[in-house]
Amino acid sequence: MALKIVKGSIDRMFDKNLQDLVRGIRNHKEDEAKYISTCIDEIKQELKQDNIAVKANAVCKLTYLQMLGYDVSWAAFNIVEVMSSSKFTYKRIGYLAASQCFHEGTDVIMLTTNQIRKDLSSPHQYDTGVALTGLSCFVTPDLARDLANDIMTLMSHTKPYIRKKAVLIMYKVFLKYPESLRPAFPRLKEKLEDPDPGVQSAAVNVICELARRNPKNYLSLAPLFFKLMTSSTNNWVLIKIIKLFGALTPLEPRLGKKLIEPLTNLIHSTSAMSLLYECVNTVIAVLISLSSGMPNHSASIQLCVQKLRILIEDSDQNLKYLGLLAMSKILKTHPKSVQSHKDLILQCLDDKDESIRLRALDLLYGMVSKKNLMEIVKKLMLHVDKAEGTTYRDELLTKIIDICSQSNYQYITNFEWYISILVELTRLEGTRHGHLIASQMLDVAIRVKAIRGFAVAQMATLLDNAHLLTGNTQRNGICEVLYAAAWICGEFSEHLEDPMQTLEAMLRPKVATLPGHIQAVYVQNAAKLFATVLRKHEGETDSHAAQETSQLLIDRLPLFVQSANLEVQERASCILQLVKYIQKLQQKKVEVAEEVTALFAGELNPVAPKAQKKVPVPEGLDLDAWINKPPSESESEDEKPKAVFAKEEPKHSRSRHTEVDEKELARRREARKREQANNPFYIKASPSSQKVYDAPGVEHIPVVQIDLSVPLKVPGMPMSDQYLKLEEERRQKEKAERKKEKKKKREKRGKERKADSGPESEEDIAPAHQVDIVTEEMPENALPSDDDDKDPNDPHKALDIDLDKYPTVHWFPVQKSSKHKKKKQKKEKEEKEKKKKKRHHHHHHHSNAGGEDSVQNGTVEEEEPLPPMSNYFLLAENSYIKMVYDIQGNHQDESKVVVSVIFENKSDSFLKSMEFNVLDSLNSKLQRPEGAGAHDSLTVPFQLPPGISNEAHFVFSVQSIVMPQKLKGTLTFIVKSDESSTHEKLDFKLHFTCTSYLITTPCYLYDAYAKLLESGDLKGSSLRLEGINMPFHHLLARICFHHHFSVVERIDSCASMYSRSIQGHHVCLLVKTSDQTVSIDAKCDEPSLLGNVLDEIKQTFSKC
Amino acid sequence: MIKAILIFNNHGKPRLSKFYEHYTEDTEQQIIRETFHLVSKRDENICNFLEGGLLIGGSDNKLIYRHYATLYFVFCVDSSESELGILDLIQVLVETLDKCFENVCELDLIFHVDKVHNILAEMVMGGMVLETNMSEIITQVEAQGKMEKSEAGITGAPARAVSAVKNMNLPEMPKNINIGDISIKVPNLPSFK
């Protein structure tokens, strides 16, 4: 024996080990993939050998290859083998490999349960440790459920090394098996006060993770944590606790008040920056939660801001970054204390570190006021010019727009300035945010009426210089602004100085290179401009100019009529015809201007983005109910058109109530849908088209006519700076004026000025234009929005368990069970044990799709939880091995059944060379491979390491299925321990019941079932069962489960059931129950089969 | 929670990868590549936090990394971890490696990735920090090393000898390897006790 081992290890010397593999890969730089594939072939050979050392070496190499990106899941079973080695060295290799590549989808994981349980209870702490570490990476819901009790026990292990690992892994167990949280929680809480700091830290860690997701359930632990915080010296633990308090304070302001003092002390005393930083963070959280209730915490705020300033000024970039991060939190509630550090933050904008610049930008967003907006934006514009990477520049661009547009343009005092900023931004090359700028332009022009004249002038310039924007590439996102420019010029064309010129610019041939949706807007708005031009020239005696315009359109529009874009095409041809008609009228000297203008009359009001969502559902309207029967085929829905066009849509008149019968309606709807589906121009009506109201009262708000001390037209493009200068001058002038009229209160002004929530000093700054910002429209009775962003799939939701409710419950569901999944079936058997740990002697886990719904078809209502069931029956058992089996047929082959046998190794030795043999009868025969004799045995295709179980399938051919049958058989195997190996054998009897020839066949149509019963081909029989004391649905579930039936229909305490044999016999049952008596009337086309099945059903119920 | 720990060199070659959530091998490689791409283009003296959270999981996540000579140590963590705490933890990891390998360099990680995994397992378990005390970590690692040696016993000897010979026979070994000593400089953050 010893010789063999030495020989084995000499063989091993020439196998590649991990180092050789790494070295080899490094030496084959050119053909690495090829080299590795030969290595994998070698590894495959090594894995076939019996020597566990060779296997472990191979698995170790596979782990390395996995890191390089090679899929090694094919070796999963070998990994399990190595895991179950008794040597720590190999075990560790196995567990490492498993932790790197096992996951919930790995099917051999179910084979590991017993091995892991064994390792967990190993006398060697490192075996246990390695198992816990591995398990933490690949725990599945099944493993969590089956091992929760074992791990719970380990939480009280004598060795702290095990305790801390067991405590930590509980978090993973909770995540996978939330039911374990309640029973485990008392012990977890206990571990917060463990004498070992490592265990304590682990417990804090777990509770912090739990509390982060569902803080309210852990408020009751606050006193305990408070004690820990004041006593612990471990910075890591302190940080965790302080972070936890940060999550708890928003829920309990009283806690916050208590925390301020110890936290302040820590801030003053600690030298660890990490701790200091977390303290500051939590103080901020406390202050935020208190901000409403407590009057004065300015000292604490000052302390925080002051400490953060130190961090930001530090040369360490990490501290600078975190300082800015925390600062932004203070900003939300105490903007004033941050605003005084504006200098510092602006300085950070110049930092070479992009992360820091981005953080500083975030801060600036909250720091702007009416006073400093222009200045800050000017600084940002400088950065935009300097910025190198487009990502950062785009970030700057969005930030500028965010900053300016925040809270409904609250801080903008001069919209001319803002428009010119937007225009300046259009000169950025290659930005992705053209649409953003465009939507801002549209928004401002629509909502700020006073600015329209200026905006139109600017947009006209843009259109005129469109070649500058589109010069570069088609993909250039910036051309989106032309969309806005064209729309604004068209819609507010009355403000245009020279509409003719703009019209000309919009119809240049180059426009045809723009994206389709922009061209469409061009064409539509060219028509609006045309109307304006006509009106302008109407009064004049010389109609020449008007006719020239018509001719221009007639000349240019055909270009668009040829467009590949359907929208452009449609609009262009429509307008072309219109213009042609107008031209005719013009030639007849008919005045048309007014009618043409009427086409585009009416104000467009801005609609709030969420308006549609907020329309309340009228009482008694069920939106989910079908009005008519659903059409059989779902038709493709048209895409929703762009919002801008949706607004322009005329309102839909309410459909008249007509007395048409339902069929007619359905037919019409069908026809309409088809028509719409085939019509690409059809813009779908929004389901409840809103009435467009005039904003109530808008007209009554006095809009001050601006006394323009500022020349509107500034030639040359960059002009936003000039606004800044002018603004300053204006402010000074105003100040001076105010001094003059100090005592005279100007009534008019005072009335108009809105109540200003900003800082006091801001009141002095009167906006340059008193602007009227039209608020976006909302439907009447809009519902308050509660946008719940919570992800319904969040695994932590399941852990939201109120732990205080039943703190004393120690019941722990233990499922030491066997599960076998076959297509639709889940079978389980469960033993409930209370706390006491018992070694279980049942079969092993096979597979599980989760859930406890153990009945197929799901036809049984959930009234009471069903007792778990299993179809695996004991075949034979001795001290080495245990076999359980199940027999299943399938429809494909009417003469075959599959016997699934689970072999479980109960010994501490290795079981190998298992051979399975059965004495055939005339009727039933074991299917042996071709060429084998009729009495040869079949080799079981696996070996069993100690404690492992595995399943093998054997196919039997049967001729007649009307009678049950028993077959004798023998299993022989070799028991191999370190010292010896012995031959053993085990006899068994395979029982082929008639039930095993039945296959669950759902029968969905009651009609077909009734017809079958009426056909008269079936012969009847019946059965009475007395003293059945179980709910009816349990009874049905049992019949379904054990006898492969399905429920066709159930009415109260009466149910009809159906099944089919592999040879196509129909078996129908009518089950009725009253007072513990169950009567079963059965019908089948084969009376003896039926008789036997009924006997078996009777037996099933006599057992319970 | 720590979502992933990655160690790769200046060329993006992985030296250790530990994912605490399951990804396919391809995704893992992609994450390593992209992380390397993000981290490698950053200057030496800028902050060690990166909001590249979209690589792994949601926007709650951050990359926290340190660069030592030829190696990047990258931790992907969510918001429950303290940023500076994780930086300290990386420092503890590197110092522990330095103790266990005696002047650790990239070569040690290349040839003994299994040992690095075992050391890491004593510090982080299933994505949660298990131990931050360096001497405790080293004690446990060494005790397990001893067990391994005693198990190898006599039978291990020939294999070790052959391995030594193999190493001697390969003169190319130090040449084409970019050996960088990981210089251990304790930063100005006080470590854990």
# chains A, B, ... in the order shown; residues from 1 in each chain; ligands from 1
call {"tool": "interface_residues", "arguments": {"of": "chain B", "to": "chain A", "cutoff": "6 Å", "atoms": "only C-alpha atoms", "output": "PDB file with all heavy atoms, in the first residue's frame"}}
result
ATOM      1  N   GLU B  25     -17.615  33.705 -17.423  1.00  0.00           N
ATOM      2  CA  GLU B  25     -16.187  33.960 -17.609  1.00  0.00           C
ATOM      3  C   GLU B  25     -15.967  35.134 -18.555  1.00  0.00           C
ATOM      4  O   GLU B  25     -15.086  35.962 -18.330  1.00  0.00           O
ATOM      5  CB  GLU B  25     -15.479  32.709 -18.145  1.00  0.00           C
ATOM      6  CG  GLU B  25     -15.031  31.726 -17.083  1.00  0.00           C
ATOM      7  CD  GLU B  25     -16.180  30.915 -16.509  1.00  0.00           C
ATOM      8  OE1 GLU B  25     -17.266  30.916 -17.109  1.00  0.00           O
ATOM      9  OE2 GLU B  25     -16.001  30.279 -15.448  1.00  0.00           O
ATOM     10  N   GLN B  29     -13.992  38.642 -17.713  1.00  0.00           N
ATOM     11  CA  GLN B  29     -12.850  39.172 -18.454  1.00  0.00           C
ATOM     12  C   GLN B  29     -13.135  40.591 -18.937  1.00  0.00           C
ATOM     13  O   GLN B  29     -12.259  41.452 -18.911  1.00  0.00           O
ATOM     14  CB  GLN B  29     -12.528  38.276 -19.656  1.00  0.00           C
ATOM     15  CG  GLN B  29     -12.015  36.902 -19.287  1.00  0.00           C
ATOM     16  CD  GLN B  29     -10.773  36.960 -18.412  1.00  0.00           C
ATOM     17  OE1 GLN B  29      -9.796  37.613 -18.749  1.00  0.00           O
ATOM     18  NE2 GLN B  29     -10.822  36.309 -17.263  1.00  0.00           N
ATOM     19  N   ILE B  46      -3.734  61.326  -8.380  1.00  0.00           N
ATOM     20  CA  ILE B  46      -5.110  61.788  -8.289  1.00  0.00           C
ATOM     21  C   ILE B  46      -5.879  60.789  -7.437  1.00  0.00           C
ATOM     22  O   ILE B  46      -5.341  59.759  -7.067  1.00  0.00           O
ATOM     23  CB  ILE B  46      -5.759  61.967  -9.672  1.00  0.00           C
ATOM     24  CG1 ILE B  46      -5.781  60.650 -10.418  1.00  0.00           C
ATOM     25  CG2 ILE B  46      -5.025  63.008 -10.475  1.00  0.00           C
ATOM     26  CD1 ILE B  46      -6.487  60.745 -11.743  1.00  0.00           C
ATOM     27  N   CYS B  47      -7.120  61.114  -7.136  1.00  0.00           N
ATOM     28  CA  CYS B  47      -7.785  60.348  -6.093  1.00  0.00           C
ATOM     29  C   CYS B  47      -8.031  58.904  -6.526  1.00  0.00           C
ATOM     30  O   CYS B  47      -8.069  58.588  -7.707  1.00  0.00           O
ATOM     31  CB  CYS B  47      -9.073  61.014  -5.646  1.00  0.00           C
ATOM     32  SG  CYS B  47     -10.452  60.757  -6.734  1.00  0.00           S
ATOM     33  N   LEU B  84     -12.273  55.304   2.790  1.00  0.00           N
ATOM     34  CA  LEU B  84     -10.922  55.304   3.362  1.00  0.00           C
ATOM     35  C   LEU B  84     -10.641  53.970   4.044  1.00  0.00           C
ATOM     36  O   LEU B  84      -9.503  53.497   4.063  1.00  0.00           O
ATOM     37  CB  LEU B  84     -10.787  56.458   4.355  1.00  0.00           C
ATOM     38  CG  LEU B  84     -10.867  57.848   3.716  1.00  0.00           C
ATOM     39  CD1 LEU B  84     -10.907  58.921   4.785  1.00  0.00           C
ATOM     40  CD2 LEU B  84      -9.695  58.088   2.803  1.00  0.00           C
ATOM     41  N   GLY B  85     -11.684  53.377   4.610  1.00  0.00           N
ATOM     42  CA  GLY B  85     -11.515  52.070   5.241  1.00  0.00           C
ATOM     43  C   GLY B  85     -11.021  51.038   4.239  1.00  0.00           C
ATOM     44  O   GLY B  85     -10.124  50.253   4.531  1.00  0.00           O
ATOM     45  N   PHE B 111       2.986  33.160  -9.693  1.00  0.00           N
ATOM     46  CA  PHE B 111       3.163  31.716  -9.524  1.00  0.00           C
ATOM     47  C   PHE B 111       2.374  31.139  -8.358  1.00  0.00           C
ATOM     48  O   PHE B 111       2.248  29.940  -8.233  1.00  0.00           O
ATOM     49  CB  PHE B 111       4.644  31.387  -9.377  1.00  0.00           C
ATOM     50  CG  PHE B 111       5.371  31.494 -10.687  1.00  0.00           C
ATOM     51  CD1 PHE B 111       6.203  32.571 -10.957  1.00  0.00           C
ATOM     52  CD2 PHE B 111       5.193  30.533 -11.672  1.00  0.00           C
ATOM     53  CE1 PHE B 111       6.849  32.682 -12.171  1.00  0.00           C
ATOM     54  CE2 PHE B 111       5.845  30.631 -12.883  1.00  0.00           C
ATOM     55  CZ  PHE B 111       6.668  31.706 -13.139  1.00  0.00           C
ATOM     56  N   MET B 125     -14.626  37.576   3.333  1.00  0.00           N
ATOM     57  CA  MET B 125     -15.371  36.336   3.137  1.00  0.00           C
ATOM     58  C   MET B 125     -16.711  36.678   2.496  1.00  0.00           C
ATOM     59  O   MET B 125     -17.488  37.456   3.053  1.00  0.00           O
ATOM     60  CB  MET B 125     -15.581  35.683   4.493  1.00  0.00           C
ATOM     61  CG  MET B 125     -16.144  34.304   4.396  1.00  0.00           C
ATOM     62  SD  MET B 125     -16.155  33.559   6.026  1.00  0.00           S
ATOM     63  CE  MET B 125     -17.818  33.007   6.058  1.00  0.00           C
ATOM     64  N   GLY B 126     -16.935  36.104   1.334  1.00  0.00           N
ATOM     65  CA  GLY B 126     -18.216  36.324   0.652  1.00  0.00           C
ATOM     66  C   GLY B 126     -18.552  37.792   0.473  1.00  0.00           C
ATOM     67  O   GLY B 126     -19.707  38.167   0.479  1.00  0.00           O
ATOM     68  N   GLU B 148      -0.651  22.018   5.775  1.00  0.00           N
ATOM     69  CA  GLU B 148      -0.425  21.565   4.405  1.00  0.00           C
ATOM     70  C   GLU B 148       0.908  20.839   4.317  1.00  0.00           C
ATOM     71  O   GLU B 148       1.011  19.779   3.715  1.00  0.00           O
ATOM     72  CB  GLU B 148      -0.430  22.789   3.485  1.00  0.00           C
ATOM     73  CG  GLU B 148      -0.615  22.461   2.041  1.00  0.00           C
ATOM     74  CD  GLU B 148      -0.683  23.731   1.188  1.00  0.00           C
ATOM     75  OE1 GLU B 148      -0.812  24.840   1.777  1.00  0.00           O
ATOM     76  OE2 GLU B 148      -0.592  23.606  -0.022  1.00  0.00           O
ATOM     77  N   ALA B 159       8.226  15.420  -5.266  1.00  0.00           N
ATOM     78  CA  ALA B 159       7.601  16.414  -6.130  1.00  0.00           C
ATOM     79  C   ALA B 159       8.259  17.771  -5.939  1.00  0.00           C
ATOM     80  O   ALA B 159       8.514  18.497  -6.904  1.00  0.00           O
ATOM     81  CB  ALA B 159       6.114  16.507  -5.804  1.00  0.00           C
ATOM     82  N   PRO B 190      -3.552  56.500   9.159  1.00  0.00           N
ATOM     83  CA  PRO B 190      -3.202  55.500  10.158  1.00  0.00           C
ATOM     84  C   PRO B 190      -3.973  54.216   9.903  1.00  0.00           C
ATOM     85  O   PRO B 190      -5.167  54.262   9.603  1.00  0.00           O
ATOM     86  CB  PRO B 190      -3.625  56.149  11.477  1.00  0.00           C
ATOM     87  CG  PRO B 190      -4.581  57.207  11.101  1.00  0.00           C
ATOM     88  CD  PRO B 190      -4.297  57.628   9.712  1.00  0.00           C
TER      89      PRO B 190
END
call {"tool": "select_by_dssp", "arguments": {"residues": "stretch 25-158 of chain B", "states": "strand (DSSP E or B)", "output": "NGL selection string"}}
result
:B and (49-50 or 62-68 or 71-77 or 105 or 124-125 or 128-129)
call {"tool": "select_by_dssp", "arguments": {"residues": "stretch 382-553 of chain A", "states": "alpha helix (DSSP H)", "output": "VMD selection string"}}
result
chain A and resid 382 to 386 390 to 409 415 to 425 434 to 447 452 to 464 466 to 470 480 to 491 499 to 506 516 to 538 544 to 553
call {"tool": "residues_around", "arguments": {"residues": "stretch 149-155 of chain A", "least_positions_apart": "5", "cutoff": "7 Å", "atoms": "only C-alpha atoms", "output": "list of chain:residue names"}}
result
A:Ile162, A:Arg163, A:Ala166, A:Val167, A:Ala184
call {"tool": "residues_around", "arguments": {"residues": "B:Leu50", "least_positions_apart": "3", "cutoff": "7 Å", "atoms": "only C-alpha atoms", "output": "list of chain:residue names"}}
result
B:Lys62, B:Leu63, B:Ile64
call {"tool": "residues_around", "arguments": {"residues": "B:Leu97", "least_positions_apart": "2", "cutoff": "10 Å", "atoms": "only C-alpha atoms", "output": "ChimeraX atom specification"}}
result
/B:91-95,99-105,108-109,115-116,119-120,138,182
call {"tool": "write_last_selection", "arguments": {"atoms": "N, CA and C atoms", "output": "compact mmCIF listing (two decimals), in the first residue's frame"}}
result
# COMPACT_ATOMS: atom_id res chain seq x y z
N GLN B 91 -4.17 48.31 1.88
CA GLN B 91 -2.84 48.42 2.47
C GLN B 91 -2.55 47.20 3.35
N VAL B 92 -3.53 46.81 4.16
CA VAL B 92 -3.34 45.64 5.01
C VAL B 92 -3.08 44.40 4.15
N LEU B 93 -3.84 44.27 3.07
CA LEU B 93 -3.65 43.12 2.19
C LEU B 93 -2.22 43.08 1.65
N VAL B 94 -1.77 44.22 1.17
CA VAL B 94 -0.44 44.25 0.56
C VAL B 94 0.64 43.99 1.62
N GLU B 95 0.47 44.58 2.78
CA GLU B 95 1.46 44.33 3.83
C GLU B 95 1.45 42.87 4.24
N LYS B 99 4.53 40.20 4.08
CA LYS B 99 5.03 39.37 5.17
C LYS B 99 5.04 37.90 4.76
N CYS B 100 3.96 37.45 4.14
CA CYS B 100 3.84 36.02 3.84
C CYS B 100 4.81 35.59 2.74
N PHE B 101 5.09 36.47 1.80
CA PHE B 101 5.99 36.08 0.71
C PHE B 101 7.40 36.60 0.91
N GLU B 102 7.61 37.35 1.97
CA GLU B 102 8.90 37.99 2.20
C GLU B 102 9.27 38.85 1.00
N ASN B 103 9.03 40.09 1.12
CA ASN B 103 9.26 41.04 0.02
C ASN B 103 8.52 40.63 -1.25
N VAL B 104 7.27 40.81 -1.18
CA VAL B 104 6.44 40.35 -2.29
C VAL B 104 6.72 41.14 -3.57
N CYS B 105 6.67 40.44 -4.69
CA CYS B 105 6.74 41.12 -5.97
C CYS B 105 5.76 40.44 -6.91
N ASP B 108 5.61 36.60 -7.31
CA ASP B 108 4.96 35.76 -6.28
C ASP B 108 3.50 35.58 -6.60
N LEU B 109 2.88 36.67 -7.02
CA LEU B 109 1.46 36.58 -7.34
C LEU B 109 1.22 35.75 -8.59
N LYS B 115 -2.09 30.74 -3.20
CA LYS B 115 -1.76 31.22 -1.85
C LYS B 115 -2.38 32.59 -1.60
N VAL B 116 -2.34 33.43 -2.63
CA VAL B 116 -2.92 34.76 -2.46
C VAL B 116 -4.41 34.64 -2.15
N ILE B 119 -4.82 33.74 1.45
CA ILE B 119 -4.61 34.89 2.35
C ILE B 119 -5.84 35.79 2.31
N LEU B 120 -6.31 36.04 1.10
CA LEU B 120 -7.47 36.91 0.94
C LEU B 120 -8.68 36.34 1.67
N ILE B 138 -2.05 36.67 9.61
CA ILE B 138 -0.82 35.91 9.36
C ILE B 138 -0.80 34.63 10.19
N ILE B 182 7.12 45.45 -4.94
CA ILE B 182 6.02 46.27 -4.47
C ILE B 182 6.55 47.06 -3.29
call {"tool": "closest_residue", "arguments": {"among": "A:Ile575, A:Met883, A:Ala299, A:Leu552", "to": "A:Asn905", "atoms": "only C-alpha atoms"}}
result
A:Met883
call {"tool": "atom_distance", "arguments": {"atom1": "atom CA of A:Lys925", "atom2": "atom CA of A:Leu986"}}
result
19.8 Å
call {"tool": "residues_around", "arguments": {"residues": "B:Phe19", "least_positions_apart": "4", "cutoff": "7 Å", "atoms": "only C-alpha atoms", "output": "PyMOL selection string"}}
result
chain B and resi 3-5
call {"tool": "decode", "arguments": {"residues": "stretch 68-125 of chain B", "atoms": "C-alpha atoms", "output": "compact mmCIF listing (two decimals), in the first residue's frame"}}
result
# COMPACT_ATOMS: atom_id res chain seq x y z
CA TYR B 68 1.85 49.55 -6.23
CA ALA B 69 4.81 49.37 -8.62
CA THR B 70 3.59 46.99 -11.33
CA LEU B 71 0.30 45.99 -9.79
CA TYR B 72 -3.14 47.49 -9.41
CA PHE B 73 -5.28 46.36 -6.49
CA VAL B 74 -8.90 47.22 -7.24
CA PHE B 75 -11.88 46.74 -4.94
CA CYS B 76 -15.38 47.26 -6.21
CA VAL B 77 -17.59 48.14 -3.26
CA ASP B 78 -21.05 49.51 -2.58
CA SER B 79 -21.95 52.44 -0.39
CA SER B 80 -21.98 50.48 2.84
CA GLU B 81 -18.19 50.44 2.85
CA SER B 82 -16.12 53.35 3.99
CA GLU B 83 -13.90 54.59 1.17
CA LEU B 84 -10.92 55.30 3.36
CA GLY B 85 -11.51 52.07 5.24
CA ILE B 86 -11.19 50.09 2.04
CA LEU B 87 -8.01 51.94 1.13
CA ASP B 88 -6.62 50.89 4.47
CA LEU B 89 -7.77 47.35 3.84
CA ILE B 90 -5.87 47.25 0.56
CA GLN B 91 -2.84 48.42 2.47
CA VAL B 92 -3.34 45.64 5.01
CA LEU B 93 -3.65 43.12 2.19
CA VAL B 94 -0.44 44.25 0.56
CA GLU B 95 1.46 44.33 3.83
CA THR B 96 0.21 40.86 4.65
CA LEU B 97 1.32 39.59 1.25
CA ASP B 98 4.67 41.23 1.90
CA LYS B 99 5.03 39.37 5.17
CA CYS B 100 3.84 36.02 3.84
CA PHE B 101 5.99 36.08 0.71
CA GLU B 102 8.90 37.99 2.20
CA ASN B 103 9.26 41.04 0.02
CA VAL B 104 6.44 40.35 -2.29
CA CYS B 105 6.74 41.12 -5.97
CA GLU B 106 4.59 40.46 -8.98
CA LEU B 107 6.27 37.10 -9.56
CA ASP B 108 4.96 35.76 -6.28
CA LEU B 109 1.46 36.58 -7.34
CA ILE B 110 2.00 35.10 -10.76
CA PHE B 111 3.16 31.72 -9.52
CA HIS B 112 1.24 31.43 -6.29
CA VAL B 113 -2.17 32.80 -7.00
CA ASP B 114 -3.66 29.99 -4.89
CA LYS B 115 -1.76 31.22 -1.85
CA VAL B 116 -2.92 34.76 -2.46
CA HIS B 117 -6.49 33.47 -2.56
CA ASN B 118 -5.95 31.72 0.74
CA ILE B 119 -4.61 34.89 2.35
CA LEU B 120 -7.47 36.91 0.94
CA ALA B 121 -9.94 34.36 2.28
CA GLU B 122 -8.78 35.18 5.78
CA MET B 123 -9.52 38.87 5.22
CA VAL B 124 -12.67 38.96 3.15
CA MET B 125 -15.37 36.34 3.14
